[in-house]
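Comments concern the structure below.
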Amino acid sequence: MSKSEGDQRLEKAHIGYQTAMGLVGLVSQETYSRFAGMLTANSIIIAIIGWTLATERILPPVLTILLSIVGLILCFLWFLFNNHGVYYQNLFRKKAIELENSYFSDTFKLISLVVTENPKASDKKNSEIPKLVRWFPYHRTSLIVIIVFAIVYVAMLLYQIICNGV
């Protein structure tokens with residue numbers, strides 16, 4: 001017994017939807033794991049530099065300058081990792097929404113209920129997502145954290161250069 005062409009298309013759409021949703025979850029997990037790892041690495045570097053400056057421990061000034069530069073490089077990599085993850089997460093989410101709207105809109109709407117990071121004005125008015133969540137989505141909030149770390153590194157670097165005349 002062969003399946004009709006419509007049934008085959010629906011089955012393929014179902015497989016595609018499951019795949020897209022699985023990839024959204026995988027990329028989200030990778031993005032959050034990278035974020036946590038970079039947050040930890042940068043926090044350790046800031047703590048070492050801060051401890052050195054606060055306790056006036058004698059570490060070669062070149063070392064604290066080098067640590068600040070390494071921290072800035074890590075912030076840049078963190079920025080790239082974050083944008084990479086968010087890009088693919090949004091790409092897979094959009095594909096899942098397309099499949100959901102094309103094949104499953106009469107049965108369910110799951111991912112299409114989620115407002116993307118750049119919703120249309122009409123979607124904002126109808127959204128049940130709290131304003132604070134809409135104003136500070138993951139991508140925007142994570143960029144703020146990365147920028148704060150980069151500013152701290154620049155301040156520490158300038159402090160070392162000015163105070164040690166390096």
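By order in the structure tokens, chains are A, B, ...; within a chain, residues start at 1; ligands start at 1, following the order shown.
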Per DSSP on the backbone, what are the helix (DSSP H, G or I) residues of chain A, as an MDAnalysis selection string?
chainID A and resid 5:55 61:104 111:113 121:126 131:135 138:164
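Non-sequential neighbours of segment 30-40 of chain A (distance at most 9 Å, separation of 5 or more positions within a chain, only C-alpha atoms) are Gly25, Ile45, Leu74, Cys75, Leu77, Trp78, Phe81, Asn82, His84, Gly85, Val86, Gln89, Ser142, Val145 and Ile146 of chain A.
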Selection to disk with C-alpha atoms, as a CSV table (one decimal), in the first residue's frame:
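The new file again.csv reads:
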chain,number,residue,atom,x,y,z
A,25,GLY,CA,17.6,23.0,21.2
A,45,ILE,CA,41.1,36.7,34.5
A,74,LEU,CA,38.5,36.4,24.8
A,75,CYS,CA,35.7,39.0,24.7
A,77,LEU,CA,35.8,35.5,20.6
A,78,TRP,CA,32.9,35.4,23.0
A,81,PHE,CA,30.6,32.6,19.5
A,82,ASN,CA,27.5,34.3,20.7
A,84,HIS,CA,27.2,32.5,15.6
A,85,GLY,CA,24.9,30.6,18.0
A,86,VAL,CA,22.1,33.1,17.9
A,89,GLN,CA,19.3,29.3,16.5
A,142,SER,CA,24.6,38.8,26.5
A,145,VAL,CA,27.6,41.5,29.5
A,146,ILE,CA,30.4,41.1,27.0
All residues 9 Å or closer to segment 149-151 of chain A, only C-alpha atoms, same chain fewer than 4 positions away omitted, as a list of chain:residue names
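So, after excluding close chain neighbours, the residues are A:Asn42, A:Ser43, A:Ile46, A:Gly71, A:Leu72, A:Cys75, A:Phe76, A:Ile144, A:Val145, A:Ala155, A:Met156.
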Kindly export the residues of the current selection with C-alpha atoms, as a CSV table (one decimal), in the first residue's frame.
chain,number,residue,atom,x,y,z
A,42,ASN,CA,36.8,36.1,31.9
A,43,SER,CA,35.7,36.2,35.5
A,46,ILE,CA,39.4,39.8,36.0
A,71,GLY,CA,40.8,39.1,28.2
A,72,LEU,CA,39.9,41.5,25.4
A,75,CYS,CA,35.7,39.0,24.7
A,76,PHE,CA,36.0,39.3,21.0
A,144,ILE,CA,25.7,43.9,27.3
A,145,VAL,CA,27.6,41.5,29.5
A,155,ALA,CA,40.0,50.3,32.3
A,156,MET,CA,42.5,47.8,33.9
Any idea what's packed within 12 Å of segment 94-102 of chain A, counting only C-alpha atoms, ignoring anything in its chain fewer than 2 positions away? Could you give it as a ChimeraX atom specification?
/A:9-25,87-92,104-117
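Across the structure, atom CA of Glu56 of chain A and atom CA of Ile147 of chain A are spaced 26.6 Å apart.
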Could you make a table, as a Markdown table, of the residues of segment 4-123 of chain A that have an atom within 9 Å of an atom of segment 157-160 of chain A, each with its nearest atom pair and distance in Å to one decimal, counting only C-alpha atoms, in chain and number order?
| residue | atom | partner | partner_atom | distance |
| --- | --- | --- | --- | --- |
| A:Leu53 | CA | A:Gln160 | CA | 8.8 |
| A:Pro61 | CA | A:Gln160 | CA | 6.9 |
| A:Val62 | CA | A:Gln160 | CA | 8.7 |
| A:Thr64 | CA | A:Gln160 | CA | 7.4 |
| A:Ile65 | CA | A:Leu157 | CA | 5.7 |
| A:Leu66 | CA | A:Leu157 | CA | 8.7 |
| A:Leu67 | CA | A:Leu157 | CA | 8.8 |
| A:Ser68 | CA | A:Leu157 | CA | 5.8 |
| A:Ile69 | CA | A:Leu157 | CA | 7.6 |
Mind writing the picked residues with N, CA, C and O atoms as a tab-separated table (two decimals), in the first residue's frame?
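Resulting contents of selection-v5.tsv:
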chain	number	residue	atom	x	y	z
A	53	LEU	N	45.86	44.17	41.63
A	53	LEU	CA	45.77	45.62	41.82
A	53	LEU	C	45.34	45.99	43.24
A	53	LEU	O	45.87	46.93	43.82
A	61	PRO	N	54.26	44.02	35.81
A	61	PRO	CA	53.23	44.81	35.13
A	61	PRO	C	52.92	44.27	33.73
A	61	PRO	O	51.77	44.33	33.28
A	62	VAL	N	53.91	43.72	33.09
A	62	VAL	CA	53.70	43.16	31.75
A	62	VAL	C	52.69	42.02	31.82
A	62	VAL	O	51.86	41.86	30.92
A	64	THR	N	50.12	41.67	33.99
A	64	THR	CA	48.76	42.17	34.14
A	64	THR	C	48.27	42.83	32.84
A	64	THR	O	47.10	42.73	32.49
A	65	ILE	N	49.18	43.48	32.12
A	65	ILE	CA	48.82	44.05	30.82
A	65	ILE	C	48.49	42.93	29.85
A	65	ILE	O	47.50	43.00	29.12
A	66	LEU	N	49.31	41.89	29.86
A	66	LEU	CA	49.07	40.74	28.98
A	66	LEU	C	47.74	40.08	29.30
A	66	LEU	O	46.98	39.72	28.39
A	67	LEU	N	47.42	39.93	30.58
A	67	LEU	CA	46.14	39.33	30.98
A	67	LEU	C	44.97	40.18	30.49
A	67	LEU	O	43.94	39.65	30.05
A	68	SER	N	45.10	41.51	30.56
A	68	SER	CA	44.04	42.39	30.05
A	68	SER	C	43.86	42.23	28.54
A	68	SER	O	42.73	42.20	28.04
A	69	ILE	N	44.96	42.11	27.83
A	69	ILE	CA	44.88	41.92	26.37
A	69	ILE	C	44.25	40.57	26.04
A	69	ILE	O	43.40	40.47	25.16
